[in-house]
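One structure below.
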Amino acid sequence: MFGDYSIGDLGSIFVMQGFAGLILFSVYVLMALGLAIIFGQMGVINMAHGEFMILGAYVTWMTSNIFQSYLPGLFSGYFFLAMILAFLASGALGMVVEWVLIRHLYKRPLDTLLATWGLSLMLQQAYRSVFGAREVGVELPQWMLGSLHVTDSIEVPINGVFVMGLTVLITISVAYVLYMSRWGRQVRAVVQNRIMAGAVGINTEKVDRYTFGLGCGIAGVAGSAFTMIGSTGPTSGQLYIVDTFLVVVFGGAASLLGTIASAFSISQTQSTLEFFMSGSMAKVLTLLAVVGILMLRPQGLFALKVRK
Amino acid sequence: MIINSRFFNRSELMGFIALAAVLFVILPLTLDVFRLNLVAKYLTYAFVAIGLVLCWGYGGILSLGQGVFFGLGGYCMAMFLKLEASSVENTKIQSTPGIPDFMDWNQITSLPLFWQPFHSLTFTVLAIILVPGLFALIIGTAMFKRRVGGTYFAIITQAVAAILTILIVGQQGYTGGINGMTDLRTLKGWDIRPDHAKIILYFVEVVLLFACIGIAQFIRLTKLGRILVAMREQEDRVRFSGYSVANFKIFAFCMAAIFAAIGGAMFALNVGFMSPSFVGIVPSIEMVIYTAVGGRMSIFGAIWGAILVNFAKTSLSESFPQLWLFGLGALFIAVVLAFPNGLSGLWADYVQPRIDRLFASRKAKTSWSENSVADGAPAE
């Protein structure tokens, strides 16, 4: 399979496919970050996570339409406002959902899976009724189009670079919030020992609500970033949900570093394989490898050592 | 009476008689063949639901990959039927006669090796049981021996469902791709498409369903069933008592897989095609929904759940396609939040006590002996 290519070509192939993998990696990381907080920290299986992401994508789409019609002069910068709005919309919906639904189910993790699946069906239908069944695409501002020429045979699209930069930024801020801020310490305290955390005066219910909201908000930002590389439809979220769960489980549920490492290895494997075989076989082989490794090492790549 | 009172208690016996009356007498007499065939389609999910009651309700193992086993069983059956439908006379317009049409469209010129044994009906029937059973054994052994359970197991079975769907859709030449295997015609020369064949197939399916109910009820009542429940409640204590928890879980999971596969095979026969849209994540979760709505702790409840949810799906999605997904989602949230034991839980809480009281008062009126009053008092 390598015979037809010269060494230089192969190098370019790996760089280009590697770059395509990096974009996939960014989407995985952004989606998995929110899920890692909700599933890893809180133990809630949120099957509606993809729908929170799509909400962010629709918010971005609406913002771009509003800017196009009313503020065409500021169009090049709409994206930054859209991202903040996406974060707020998904986060607010997440907090409502936590209050109405999730807080009754913390002791029954398998039931959260079923209830959030029901929620995801309702959200999908809501999107279909409001925005229509057709996929919508966002028009990118001028400066995000085009690509950078690195060498003769290697080209790097600018929107991809932007998404990656965004991913790095969001990952660092999430890590900062969780590990450095007072609120992050409260979150981790509640996760490690809910009763003791309550005993020292942490309002655990409030922490739960904001944690869930944060996870959903990050999903909204992921959806916002997603509009730059693909179009959005009512059921787009479902396509990614299984992959994302695998990323989180493969990385070791409670570890942010593990999530990033596993998103990287899964996306790189998949996009490199995609060049040599059909996309579906590449996906099958990647998922099989992940499931196989998980059978040998159920705790995932990076596991916290906890005594149960 | 053949069914002695130890095998079914009184309320289960009533459930059994009610289900038998509806499926054997009322529905065949009142519905036309088209609707009866739809019921046959719903009942294929009832097989899956029985398996889920055993493995989820009793064993506490939530599998989100039952569609995999449903699909494996269905595809085994469909491969046999497809081979019979693709005889040399039927396919003489193809460039390679004697192979299924979708292979010909994908430039495959000879029957692949793994298709060859499906010329034999005996092999097919064995494969319907053994292929999903062995597959479940492998997954179950790999997972439960390493004490992986709960949410992780659910996510991994879901991933397996995703993998199998992508594989079937991607390997169009070998599996029929997204369209699946269509145009299934005869079973050993017997045409499965006309109305009288559909009625016969319906009754075959109902008989099989009751056989599965019997097996599941038997498992529930033996020591095995009690260990499953004990395991669900306090896994560690069962392990410390000297039982191999993993083996019991593997057994429950394999039984659920085999029930699902029988349902899948009946699906291929009754509906006349099989496609990856019954294998993936969405159908797998829907199968869990049927069980949850009917009641994860009750075999009869789960069967009613499968029939009623599917009936609602067909009638609502025909007339109000938009409302259906809202309704299904809301139903699901309501079941989880408000009545986790589903319809059978509602029945046991609200209807059963009234019936018991009715029996009690009638008995009290007819005979005043102390014994019968004591017997008729609402127990349980």
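As shown in the structure tokens, the chain order sets the letters A, B, ...; within each chain, residues go from 1, and ligands are also counted from 1 in the order they appear.
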As a PyMOL selection string, please: every residue in range 137-246 of chain A that DSSP puts in helix (DSSP H, G or I).
chain A and resi 142-144+158-179+182-192+194-199+204-226+236-246
Store the residues of this selection in a file with C-alpha atoms, as a compact mmCIF listing (two decimals), in the first residue's frame.
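That gives us again_18.txt:
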```txt
# COMPACT_ATOMS: atom_id res chain seq x y z
CA GLN A 142 -13.56 36.43 4.80
CA TRP A 143 -10.47 36.11 6.96
CA MET A 144 -11.30 32.53 7.92
CA ILE A 158 -7.23 28.68 8.26
CA ASN A 159 -10.55 27.76 9.85
CA GLY A 160 -8.92 24.51 11.01
CA VAL A 161 -6.09 26.43 12.65
CA PHE A 162 -8.66 28.69 14.32
CA VAL A 163 -10.65 25.74 15.69
CA MET A 164 -7.47 24.24 17.08
CA GLY A 165 -6.43 27.46 18.73
CA LEU A 166 -9.88 27.70 20.25
CA THR A 167 -9.63 24.16 21.56
CA VAL A 168 -6.32 24.86 23.26
CA LEU A 169 -7.71 28.03 24.81
CA ILE A 170 -10.86 26.35 26.12
CA THR A 171 -8.99 23.34 27.44
CA ILE A 172 -6.59 25.57 29.36
CA SER A 173 -9.42 27.63 30.81
CA VAL A 174 -11.37 24.54 31.87
CA ALA A 175 -8.25 23.09 33.50
CA TYR A 176 -7.68 26.42 35.23
CA VAL A 177 -11.24 26.65 36.49
CA LEU A 178 -11.29 23.06 37.74
CA TYR A 179 -7.86 22.93 39.34
CA ARG A 182 -12.18 28.13 44.43
CA TRP A 183 -15.25 26.93 42.60
CA GLY A 184 -13.26 24.15 40.88
CA ARG A 185 -12.00 22.96 44.25
CA GLN A 186 -15.59 22.79 45.44
CA VAL A 187 -16.56 20.74 42.40
CA ARG A 188 -13.77 18.26 43.00
CA ALA A 189 -14.57 18.10 46.69
CA VAL A 190 -18.21 17.25 45.95
CA VAL A 191 -17.11 14.58 43.48
CA GLN A 192 -14.74 12.95 45.92
CA ARG A 194 -20.41 14.50 48.70
CA ILE A 195 -21.34 14.14 52.37
CA MET A 196 -18.09 15.58 53.71
CA ALA A 197 -18.22 18.41 51.20
CA GLY A 198 -21.70 19.26 52.43
CA ALA A 199 -20.51 19.03 56.03
CA THR A 204 -23.58 20.67 46.92
CA GLU A 205 -26.84 21.18 45.04
CA LYS A 206 -25.66 24.50 43.70
CA VAL A 207 -22.29 23.05 42.75
CA ASP A 208 -24.03 20.21 40.88
CA ARG A 209 -26.19 22.64 38.96
CA TYR A 210 -23.28 24.85 37.91
CA THR A 211 -21.10 21.87 37.04
CA PHE A 212 -23.78 20.46 34.77
CA GLY A 213 -24.31 23.90 33.29
CA LEU A 214 -20.58 24.30 32.63
CA GLY A 215 -20.40 20.93 30.89
CA CYS A 216 -23.36 21.80 28.67
CA GLY A 217 -22.00 25.27 28.01
CA ILE A 218 -18.73 23.80 26.74
CA ALA A 219 -20.79 21.53 24.50
CA GLY A 220 -22.42 24.69 23.14
CA VAL A 221 -19.01 26.18 22.33
CA ALA A 222 -18.09 22.89 20.67
CA GLY A 223 -21.19 23.23 18.51
CA SER A 224 -20.19 26.78 17.68
CA ALA A 225 -16.77 25.60 16.53
CA PHE A 226 -18.41 22.73 14.70
CA SER A 236 -26.07 15.90 13.77
CA GLY A 237 -25.46 15.61 17.49
CA GLN A 238 -26.30 11.94 17.55
CA LEU A 239 -23.53 11.14 15.10
CA TYR A 240 -20.88 12.14 17.59
CA ILE A 241 -22.31 10.99 20.87
CA VAL A 242 -20.98 7.42 20.85
CA ASP A 243 -17.54 8.48 19.69
CA THR A 244 -17.44 11.08 22.41
CA PHE A 245 -18.43 8.62 25.12
CA LEU A 246 -15.73 6.25 23.89
```
Please return, as JSON, numbers by chain, all residues of chain A lying within 9 Å of chain B when only C-alpha atoms are considered.
{"A": [43, 45, 101, 104, 105, 109, 110, 111, 112, 113, 114, 115, 116, 117, 118, 119, 120, 121, 122, 123, 124, 125, 126, 128, 129, 242, 243, 245, 246, 249, 278, 279, 280, 281, 283, 284, 285, 287, 288, 291, 294, 295, 296, 297, 298, 299]}
Have a look at CA of Thr286 in chain A and CA of Leu55 in chain A and let me know their distance in Å, one decimal.
28.3 Å
Enumerate as a PyMOL selection string all residues of range 55-195 of chain B assigned to strand (DSSP E) by DSSP on the backbone, naming them with the chain letters and numbers the document uses.
chain B and resi 186-187+190-191
Residues at most 12 Å from Arg220 in chain B, counting only C-alpha atoms, excluding those fewer than 3 positions away in the same chain, as a PyMOL selection string?
chain B and resi 7-8+50-51+53-55+57-59+213-217+223-229+252+297-299
Polymer residues at most 9 Å from range 176-181 of chain B, only C-alpha atoms, same-chain spacing of 6 or more positions, as a list of chain:residue names
B:Tyr75, B:Ala78, B:Met79, B:Lys82, B:Pro100, B:Asp101, B:Phe102, B:Met103, B:Thr165, B:Leu167, B:Ile168, B:Val169, B:Gly170, B:Gly272, B:Phe273, B:Met274, B:Ser275, B:Pro276, B:Ser277
Preceding selection exported with N, CA and C atoms as a short mmCIF file (atom, residue, chain, number, x, y, z; two decimals), in the first residue's frame:
```cif
data_model
loop_
_atom_site.label_atom_id
_atom_site.label_comp_id
_atom_site.auth_asym_id
_atom_site.auth_seq_id
_atom_site.Cartn_x
_atom_site.Cartn_y
_atom_site.Cartn_z
N TYR B 75 -30.20 -11.25 10.46
CA TYR B 75 -29.38 -11.40 9.26
C TYR B 75 -29.10 -12.86 8.93
N ALA B 78 -32.19 -13.93 7.27
CA ALA B 78 -32.34 -13.25 5.98
C ALA B 78 -31.35 -13.81 4.96
N MET B 79 -30.16 -14.20 5.40
CA MET B 79 -29.17 -14.74 4.45
C MET B 79 -29.69 -16.04 3.85
N LYS B 82 -32.50 -15.15 1.52
CA LYS B 82 -32.01 -14.44 0.34
C LYS B 82 -31.37 -15.42 -0.63
N PRO B 100 -26.95 -13.39 -4.63
CA PRO B 100 -27.90 -12.32 -4.31
C PRO B 100 -27.68 -11.08 -5.17
N ASP B 101 -28.79 -10.37 -5.47
CA ASP B 101 -28.72 -9.25 -6.42
C ASP B 101 -27.73 -8.16 -6.00
N PHE B 102 -27.66 -7.87 -4.65
CA PHE B 102 -26.78 -6.76 -4.27
C PHE B 102 -25.31 -7.11 -4.47
N MET B 103 -24.97 -8.42 -4.45
CA MET B 103 -23.59 -8.80 -4.73
C MET B 103 -23.28 -8.52 -6.19
N THR B 165 -23.20 -1.62 12.87
CA THR B 165 -23.97 -0.87 11.86
C THR B 165 -23.05 -0.31 10.79
N LEU B 167 -20.19 -1.33 9.91
CA LEU B 167 -19.63 -2.44 9.14
C LEU B 167 -20.64 -2.93 8.10
N ILE B 168 -21.90 -3.12 8.53
CA ILE B 168 -22.92 -3.63 7.60
C ILE B 168 -23.16 -2.63 6.48
N VAL B 169 -23.25 -1.34 6.85
CA VAL B 169 -23.50 -0.33 5.83
C VAL B 169 -22.31 -0.22 4.88
N GLY B 170 -21.09 -0.34 5.44
CA GLY B 170 -19.89 -0.15 4.62
C GLY B 170 -19.63 -1.32 3.68
N GLY B 272 -40.21 -9.71 6.11
CA GLY B 272 -39.75 -9.95 4.76
C GLY B 272 -38.52 -9.18 4.34
N PHE B 273 -37.88 -8.47 5.28
CA PHE B 273 -36.57 -7.91 4.97
C PHE B 273 -35.81 -7.67 6.26
N MET B 274 -34.54 -7.34 6.12
CA MET B 274 -33.71 -7.04 7.29
C MET B 274 -32.75 -5.95 6.87
N SER B 275 -32.62 -4.92 7.72
CA SER B 275 -31.70 -3.86 7.32
C SER B 275 -30.96 -3.32 8.54
N PRO B 276 -29.85 -2.61 8.32
CA PRO B 276 -29.06 -2.12 9.46
C PRO B 276 -29.82 -1.14 10.33
N SER B 277 -30.97 -0.63 9.87
CA SER B 277 -31.71 0.30 10.72
C SER B 277 -32.35 -0.39 11.92
#
```
If you count only C-alpha atoms, which residues fall within 7 Å of Val136 in chain A, apart from same-chain ones fewer than 5 positions away, as a short mmCIF file (atom, residue, chain, number, x, y, z; two decimals) with N, CA and C atoms, in the first residue's frame?
```
data_model
loop_
_atom_site.label_atom_id
_atom_site.label_comp_id
_atom_site.auth_asym_id
_atom_site.auth_seq_id
_atom_site.Cartn_x
_atom_site.Cartn_y
_atom_site.Cartn_z
N SER A 231 -21.86 21.29 8.32
CA SER A 231 -23.18 21.89 8.43
C SER A 231 -23.94 21.22 9.58
N THR A 232 -25.01 21.90 10.01
CA THR A 232 -25.73 21.47 11.19
C THR A 232 -27.14 21.05 10.84
N GLY A 233 -27.55 19.90 11.33
CA GLY A 233 -28.94 19.46 11.18
C GLY A 233 -29.47 19.01 12.52
#
```
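Neighbours of Leu85 in chain A closer than or equal to 12 Å, with only C-alpha atoms counted and sequence neighbours fewer than 2 positions away skipped, come out as Leu55, Gly56, Ala57, Tyr58, Val59, Thr60, Trp61, Met62, Thr63, Ser64, Tyr78, Phe79, Phe80, Leu81, Ala82, Met83, Phe87, Leu88, Ala89, Ser90, Gly91, Ala92, Gly217, Ile218, Gly220, Val221, Gly223 and Ser224 of chain A.
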Mind checking which residues fall within 10 Å of range 25-27 of chain B, counting only C-alpha atoms, ignoring those fewer than 6 positions away in the same chain, and posting them as a PyMOL selection string?
chain B and resi 19+35-36+39
Would you put the residues from that selection into a file with N, CA and C atoms, as a PDB file, in the first residue's frame?
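Here's the written file result.pdb:
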```
ATOM      1  N   LEU B  19     -52.712 -12.641  28.269  1.00  0.00           N
ATOM      2  CA  LEU B  19     -51.852 -12.490  27.094  1.00  0.00           C
ATOM      3  C   LEU B  19     -52.177 -13.560  26.058  1.00  0.00           C
ATOM      4  N   ARG B  35     -52.871  -5.719   9.654  1.00  0.00           N
ATOM      5  CA  ARG B  35     -52.656  -5.309  11.048  1.00  0.00           C
ATOM      6  C   ARG B  35     -52.053  -6.454  11.861  1.00  0.00           C
ATOM      7  N   LEU B  36     -52.499  -7.675  11.572  1.00  0.00           N
ATOM      8  CA  LEU B  36     -51.968  -8.824  12.305  1.00  0.00           C
ATOM      9  C   LEU B  36     -50.464  -8.961  12.050  1.00  0.00           C
ATOM     10  N   VAL B  39     -48.741  -6.594  14.202  1.00  0.00           N
ATOM     11  CA  VAL B  39     -48.604  -7.118  15.559  1.00  0.00           C
ATOM     12  C   VAL B  39     -47.447  -8.109  15.608  1.00  0.00           C
TER      13      VAL B  39
END
```
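Remark: for Ile229 in chain A, the closest of the candidate residues A:Met180, A:Val97, A:Leu24, A:Ile37 is A:Leu24 (distances computed over only C-alpha atoms).
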